[in-house]
Every structure is written in C-alpha cells, then in structure tokens.
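What follows is input-v4.cif (mmCIF, N, CA, C and O atoms).
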```
data_final
#
loop_
_atom_site.label_atom_id
_atom_site.label_comp_id
_atom_site.auth_asym_id
_atom_site.auth_seq_id
_atom_site.Cartn_x
_atom_site.Cartn_y
_atom_site.Cartn_z
N MET A 9 54.94 62.18 111.83
CA MET A 9 55.82 61.04 111.62
C MET A 9 56.82 61.41 110.52
O MET A 9 56.50 62.13 109.60
N THR A 10 58.02 60.89 110.66
CA THR A 10 59.05 61.12 109.65
C THR A 10 59.32 59.83 108.88
O THR A 10 59.05 58.74 109.36
N ARG A 11 59.84 60.00 107.70
CA ARG A 11 60.19 58.84 106.88
C ARG A 11 61.67 58.52 107.07
O ARG A 11 62.47 59.42 107.30
N PRO A 12 62.04 57.25 106.97
CA PRO A 12 63.46 56.90 107.09
C PRO A 12 64.28 57.70 106.08
O PRO A 12 63.87 57.92 104.95
N GLY A 13 65.43 58.16 106.54
CA GLY A 13 66.30 58.92 105.66
C GLY A 13 66.09 60.41 105.69
O GLY A 13 66.85 61.15 105.10
N GLU A 14 65.05 60.89 106.39
CA GLU A 14 64.83 62.33 106.47
C GLU A 14 65.85 62.96 107.40
O GLU A 14 66.23 62.38 108.42
N LEU A 15 66.29 64.15 107.02
CA LEU A 15 67.32 64.85 107.78
C LEU A 15 66.84 66.23 108.19
O LEU A 15 66.07 66.87 107.49
N ALA A 16 67.33 66.67 109.33
CA ALA A 16 67.18 68.07 109.75
C ALA A 16 68.51 68.74 109.46
O ALA A 16 69.57 68.18 109.75
N ARG A 17 68.47 69.93 108.87
CA ARG A 17 69.70 70.65 108.55
C ARG A 17 69.66 72.02 109.22
O ARG A 17 68.66 72.73 109.14
N VAL A 18 70.75 72.36 109.86
CA VAL A 18 70.92 73.65 110.52
C VAL A 18 72.13 74.33 109.90
O VAL A 18 73.16 73.69 109.71
N SER A 19 71.98 75.61 109.59
CA SER A 19 73.13 76.34 109.04
C SER A 19 73.22 77.72 109.67
O SER A 19 72.21 78.31 110.06
N VAL A 20 74.44 78.21 109.77
CA VAL A 20 74.72 79.54 110.31
C VAL A 20 75.64 80.24 109.32
O VAL A 20 76.66 79.70 108.92
N THR A 21 75.25 81.46 108.91
CA THR A 21 76.00 82.21 107.92
C THR A 21 76.53 83.49 108.55
O THR A 21 75.83 84.15 109.31
N ASP A 22 77.77 83.83 108.21
CA ASP A 22 78.33 85.10 108.66
C ASP A 22 78.79 85.92 107.45
O ASP A 22 78.74 85.45 106.32
N SER A 23 79.19 87.13 107.70
CA SER A 23 79.66 87.99 106.62
C SER A 23 81.13 88.34 106.82
O SER A 23 81.58 89.41 106.43
N GLY A 24 81.86 87.42 107.43
CA GLY A 24 83.27 87.64 107.71
C GLY A 24 84.13 87.50 106.47
O GLY A 24 83.64 87.52 105.33
N PRO A 25 85.44 87.34 106.68
CA PRO A 25 86.39 87.32 105.56
C PRO A 25 86.34 86.04 104.73
O PRO A 25 86.95 85.97 103.67
N GLY A 26 85.64 85.03 105.18
CA GLY A 26 85.58 83.78 104.44
C GLY A 26 86.77 82.89 104.73
O GLY A 26 87.73 83.30 105.37
N ILE A 27 86.69 81.66 104.27
CA ILE A 27 87.73 80.66 104.50
C ILE A 27 88.15 80.11 103.14
O ILE A 27 87.31 79.60 102.40
N PRO A 28 89.43 80.20 102.81
CA PRO A 28 89.90 79.68 101.52
C PRO A 28 89.60 78.18 101.39
O PRO A 28 89.67 77.44 102.38
N PRO A 29 89.26 77.72 100.19
CA PRO A 29 88.92 76.31 99.97
C PRO A 29 89.96 75.32 100.48
O PRO A 29 89.61 74.23 100.93
N ARG A 30 91.23 75.67 100.47
CA ARG A 30 92.28 74.73 100.91
C ARG A 30 92.15 74.36 102.38
O ARG A 30 92.73 73.38 102.84
N TYR A 31 91.38 75.13 103.16
CA TYR A 31 91.20 74.86 104.58
C TYR A 31 89.88 74.15 104.90
O TYR A 31 89.65 73.78 106.05
N HIS A 32 89.03 73.95 103.94
CA HIS A 32 87.68 73.45 104.22
C HIS A 32 87.66 72.11 104.94
O HIS A 32 86.86 71.92 105.84
N GLU A 33 88.48 71.17 104.55
CA GLU A 33 88.51 69.88 105.25
C GLU A 33 89.34 69.96 106.52
O GLU A 33 88.98 69.39 107.54
N ARG A 34 90.42 70.67 106.46
CA ARG A 34 91.35 70.75 107.58
C ARG A 34 90.75 71.45 108.80
O ARG A 34 91.12 71.16 109.95
N ILE A 35 89.84 72.36 108.59
CA ILE A 35 89.32 73.17 109.69
C ILE A 35 88.59 72.34 110.75
O ILE A 35 88.45 72.76 111.89
N PHE A 36 88.18 71.14 110.41
CA PHE A 36 87.49 70.26 111.36
C PHE A 36 88.46 69.33 112.09
O PHE A 36 88.05 68.52 112.91
N GLU A 37 89.76 69.42 111.80
CA GLU A 37 90.77 68.59 112.45
C GLU A 37 91.23 69.23 113.75
O GLU A 37 91.17 70.45 113.90
N LYS A 38 91.76 68.40 114.68
CA LYS A 38 92.25 68.92 115.96
C LYS A 38 93.33 69.96 115.76
O LYS A 38 94.23 69.78 114.94
N PHE A 39 93.22 71.03 116.49
CA PHE A 39 94.20 72.12 116.56
C PHE A 39 94.35 72.90 115.26
O PHE A 39 95.26 73.71 115.12
N ALA A 40 93.47 72.68 114.31
CA ALA A 40 93.56 73.40 113.03
C ALA A 40 93.06 74.83 113.19
O ALA A 40 92.06 75.09 113.86
N GLN A 41 93.77 75.74 112.58
CA GLN A 41 93.36 77.13 112.53
C GLN A 41 93.72 77.67 111.16
O GLN A 41 94.69 77.23 110.54
N VAL A 42 92.94 78.61 110.69
CA VAL A 42 93.19 79.21 109.39
C VAL A 42 94.26 80.28 109.55
O VAL A 42 94.20 81.10 110.47
N ASP A 43 95.26 80.26 108.70
CA ASP A 43 96.30 81.29 108.74
C ASP A 43 95.72 82.61 108.24
O ASP A 43 95.31 82.74 107.10
N GLN A 44 95.66 83.57 109.13
CA GLN A 44 95.17 84.91 108.81
C GLN A 44 96.13 85.91 109.43
O GLN A 44 96.94 85.57 110.27
N ASP A 45 96.00 87.15 109.05
CA ASP A 45 96.82 88.20 109.63
C ASP A 45 96.30 88.65 110.99
O ASP A 45 96.93 89.47 111.64
N THR A 46 95.18 88.10 111.41
CA THR A 46 94.59 88.51 112.68
C THR A 46 95.10 87.62 113.81
O THR A 46 95.68 86.56 113.59
N LYS A 47 94.85 88.05 115.04
CA LYS A 47 95.24 87.26 116.20
C LYS A 47 94.39 86.00 116.28
O LYS A 47 93.24 85.98 115.86
N ARG A 48 94.97 84.97 116.86
CA ARG A 48 94.23 83.71 117.03
C ARG A 48 93.69 83.62 118.44
O ARG A 48 94.37 83.94 119.40
N PHE A 49 92.48 83.10 118.53
CA PHE A 49 91.86 82.88 119.82
C PHE A 49 91.41 81.43 119.86
O PHE A 49 90.88 80.91 118.90
N GLY A 50 91.61 80.78 120.98
CA GLY A 50 91.18 79.40 121.13
C GLY A 50 92.27 78.42 120.74
O GLY A 50 93.35 78.79 120.28
N ALA A 51 91.97 77.15 120.93
CA ALA A 51 92.94 76.09 120.71
C ALA A 51 92.73 75.34 119.41
O ALA A 51 93.50 74.45 119.07
N GLY A 52 91.67 75.65 118.68
CA GLY A 52 91.41 74.92 117.45
C GLY A 52 90.71 73.60 117.69
O GLY A 52 90.90 72.64 116.93
N LEU A 53 89.92 73.52 118.75
CA LEU A 53 89.23 72.27 119.07
C LEU A 53 87.71 72.35 118.90
O LEU A 53 87.05 71.32 118.82
N GLY A 54 87.14 73.53 118.83
CA GLY A 54 85.69 73.69 118.81
C GLY A 54 85.01 72.95 117.68
O GLY A 54 84.05 72.20 117.88
N LEU A 55 85.49 73.14 116.45
CA LEU A 55 84.86 72.47 115.30
C LEU A 55 85.13 70.97 115.31
O LEU A 55 84.33 70.18 114.80
N THR A 56 86.26 70.56 115.91
CA THR A 56 86.54 69.12 116.05
C THR A 56 85.49 68.48 116.94
O THR A 56 84.95 67.41 116.61
N PHE A 57 85.18 69.12 118.07
CA PHE A 57 84.16 68.59 118.97
C PHE A 57 82.79 68.57 118.29
O PHE A 57 82.01 67.62 118.46
N CYS A 58 82.49 69.61 117.54
CA CYS A 58 81.22 69.63 116.81
C CYS A 58 81.12 68.47 115.84
O CYS A 58 80.10 67.78 115.77
N LYS A 59 82.19 68.23 115.09
CA LYS A 59 82.20 67.14 114.12
C LYS A 59 82.02 65.79 114.81
O LYS A 59 81.23 64.95 114.36
N LEU A 60 82.73 65.58 115.91
CA LEU A 60 82.59 64.32 116.65
C LEU A 60 81.16 64.10 117.13
O LEU A 60 80.62 63.00 117.02
N ALA A 61 80.53 65.14 117.67
CA ALA A 61 79.16 65.01 118.18
C ALA A 61 78.17 64.74 117.05
O ALA A 61 77.31 63.87 117.16
N VAL A 62 78.30 65.49 115.96
CA VAL A 62 77.37 65.32 114.84
C VAL A 62 77.52 63.93 114.23
O VAL A 62 76.53 63.22 113.99
N GLU A 63 78.75 63.49 114.00
CA GLU A 63 78.96 62.17 113.40
C GLU A 63 78.56 61.04 114.34
O GLU A 63 78.11 60.00 113.88
N ALA A 64 78.69 61.24 115.66
CA ALA A 64 78.26 60.23 116.63
C ALA A 64 76.76 59.99 116.56
O ALA A 64 76.28 58.92 116.93
N HIS A 65 76.02 60.98 116.07
CA HIS A 65 74.57 60.86 115.95
C HIS A 65 74.14 60.57 114.51
O HIS A 65 72.98 60.72 114.15
N GLY A 66 75.10 60.16 113.68
CA GLY A 66 74.78 59.76 112.31
C GLY A 66 74.64 60.90 111.33
O GLY A 66 74.07 60.74 110.26
N GLY A 67 75.14 62.07 111.69
CA GLY A 67 75.00 63.23 110.83
C GLY A 67 76.27 63.60 110.09
O GLY A 67 77.27 62.90 110.14
N LYS A 68 76.19 64.73 109.41
CA LYS A 68 77.32 65.27 108.65
C LYS A 68 77.46 66.74 108.98
O LYS A 68 76.49 67.40 109.35
N ILE A 69 78.69 67.26 108.82
CA ILE A 69 78.97 68.66 109.09
C ILE A 69 79.86 69.19 107.98
O ILE A 69 80.64 68.43 107.38
N GLY A 70 79.72 70.46 107.67
CA GLY A 70 80.55 71.03 106.63
C GLY A 70 80.45 72.54 106.58
O GLY A 70 79.83 73.16 107.43
N LEU A 71 81.09 73.11 105.57
CA LEU A 71 81.01 74.54 105.39
C LEU A 71 81.05 74.89 103.92
O LEU A 71 81.54 74.11 103.10
N GLU A 72 80.49 76.03 103.62
CA GLU A 72 80.53 76.61 102.28
C GLU A 72 81.12 78.00 102.46
O GLU A 72 80.60 78.79 103.23
N SER A 73 82.25 78.26 101.80
CA SER A 73 82.91 79.53 101.99
C SER A 73 83.94 79.76 100.90
O SER A 73 84.40 78.82 100.25
N ASP A 74 84.31 81.00 100.75
CA ASP A 74 85.39 81.39 99.86
C ASP A 74 85.97 82.68 100.41
O ASP A 74 85.27 83.44 101.08
N SER A 75 87.21 82.94 100.14
CA SER A 75 87.85 84.15 100.65
C SER A 75 87.06 85.40 100.26
O SER A 75 86.69 85.57 99.11
N GLY A 76 86.78 86.23 101.25
CA GLY A 76 86.11 87.50 101.00
C GLY A 76 84.60 87.46 100.92
O GLY A 76 83.96 88.49 100.74
N ASN A 77 83.99 86.28 101.08
CA ASN A 77 82.54 86.17 100.88
C ASN A 77 81.79 85.59 102.07
O ASN A 77 80.67 85.13 101.92
N GLY A 78 82.36 85.59 103.25
CA GLY A 78 81.67 85.02 104.40
C GLY A 78 81.68 83.50 104.39
O GLY A 78 82.26 82.88 103.50
N SER A 79 81.05 82.91 105.38
CA SER A 79 81.03 81.45 105.52
C SER A 79 79.66 80.98 105.97
O SER A 79 78.97 81.68 106.70
N THR A 80 79.30 79.80 105.55
CA THR A 80 78.11 79.12 106.06
C THR A 80 78.55 77.77 106.60
O THR A 80 79.05 76.93 105.86
N PHE A 81 78.41 77.59 107.90
CA PHE A 81 78.67 76.31 108.55
C PHE A 81 77.33 75.60 108.69
O PHE A 81 76.32 76.23 109.01
N TRP A 82 77.30 74.31 108.43
CA TRP A 82 76.05 73.56 108.50
C TRP A 82 76.28 72.19 109.10
O TRP A 82 77.41 71.68 109.11
N PHE A 83 75.21 71.61 109.63
CA PHE A 83 75.22 70.21 110.00
C PHE A 83 73.84 69.65 109.74
O PHE A 83 72.84 70.36 109.74
N SER A 84 73.80 68.36 109.48
CA SER A 84 72.53 67.67 109.28
C SER A 84 72.52 66.43 110.16
O SER A 84 73.55 65.80 110.38
N LEU A 85 71.34 66.13 110.69
CA LEU A 85 71.15 64.97 111.56
C LEU A 85 69.91 64.21 111.11
O LEU A 85 68.93 64.81 110.68
N PRO A 86 69.96 62.89 111.20
CA PRO A 86 68.77 62.12 110.86
C PRO A 86 67.66 62.38 111.89
O PRO A 86 67.93 62.51 113.08
N LEU A 87 66.45 62.50 111.39
CA LEU A 87 65.31 62.69 112.27
C LEU A 87 64.89 61.36 112.87
O LEU A 87 64.93 60.32 112.21
N SER A 88 64.49 61.39 114.13
CA SER A 88 64.00 60.17 114.79
C SER A 88 62.60 59.86 114.30
O SER A 88 61.79 60.74 114.06
N ARG A 89 62.30 58.62 114.23
CA ARG A 89 60.94 58.18 113.87
C ARG A 89 60.12 58.11 115.14
O ARG A 89 60.51 57.43 116.10
N GLN A 90 59.02 58.82 115.17
CA GLN A 90 58.16 58.82 116.34
C GLN A 90 57.20 57.64 116.27
O GLN A 90 56.62 57.37 115.23
N PRO A 91 57.00 56.95 117.40
CA PRO A 91 56.06 55.80 117.40
C PRO A 91 54.62 56.21 117.23
O PRO A 91 54.23 57.29 117.41
#
```
Turn this file's structure into structure tokens for me.
Amino acid sequence: MTRPGELARVSVTDSGPGIPPRYHERIFEKFAQVDQDTKRFGAGLGLTFCKLAVEAHGGKIGLESDSGNGSTFWFSLPLSRQP
C-alpha cells in the first residue's frame, strides 16, 4: 500500500554536451530546440508531448543539466493507492 503524496520518479542521464540553463524551461515548449552547431532532427515536439502526458497524470517533469556536463531528464508521478 502507498501513502497519499508518494511519488515514483524516473530519470535518464546521458553524457552528451549538456543543455545551457537558459533553455531549461523553454525545451518543454512546442517547437523548441536548443541552438547548437550540430544538425537538428525532429520537430521539437517530443518533450512537449511528454510534459503534457506527465502533467495530465498529476506529475512533474524537468531536467538537470549544464553545458559540457550531460543531462538528466526526469519525471515524477503520484503512486496509485491500492485497495
């Protein structure tokens, strides 16, 4: 059994170039992409869809990152109470 307010948290960490802090909130917006010297792939909608799904279930989504140090994307969801 779970207690009210308990959350499950999932995180994924990479060792890529990192994301500058100025993009941390913007990256979850529609069509947002980080300006880099590399080619862009995709339309900038993937993280927007993730945010919509997580928030629709009462959760939160975010990232921890800095330029040159990789990124950790995470989301948390409230656990269901089992009867």
Hits of the PyMOL selection byres (((chain A and resi 81 and name CA) around 9) and name CA) in this structure, as a ChimeraX atom specification: /A:18-22,69-73,79-80,82-83
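Taking atom N of Glu37 in chain A as the reference point, atom C of Leu55 in chain A is found at 6.0 Å.
Backbone DSSP assigns helix (DSSP H, G or I) in range 49-81 of chain A to Gly54, Leu55, Thr56, Phe57, Cys58, Lys59, Leu60, Ala61, Val62, Glu63 and Ala64 of chain A.
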Explicit residues for the PyMOL selection byres ((chain A and resi 25) around 7) (as JSON, numbers by chain): {"A": [22, 23, 24, 26, 27, 28, 74, 75, 76, 77, 78, 79]}
Neighbour list for Pro86 in chain A as an MDAnalysis selection string, cut-off 5 Å, all atoms listed in the file, skip fewer than 3 positions in-chain: chainID A and resid 14:16 65:66
Provide an axis-aligned box for all listed atoms of range 17-24 of chain A, padding each side by 3 Å; report its centre and its edge lengths in Å to one decimal, as JSON.
```
{"center_x": 76.3, "center_y": 79.7, "center_z": 107.9, "size_x": 21.7, "size_y": 25.5, "size_z": 11.2}
```
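What separates CA of Arg17 in chain A from atom N of Ser84 in chain A is a distance of 4.8 Å.
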Residues returned when the PyMOL selection byres ((chain A and resi 36) around 7) runs on this file, as a ChimeraX atom specification: /A:31-35,37-40,52-53,55-57,59-60
Coordinates-based distance that separates atom O of Lys68 in chain A from atom N of Leu85 in chain A (Å, one decimal): 5.5 Å
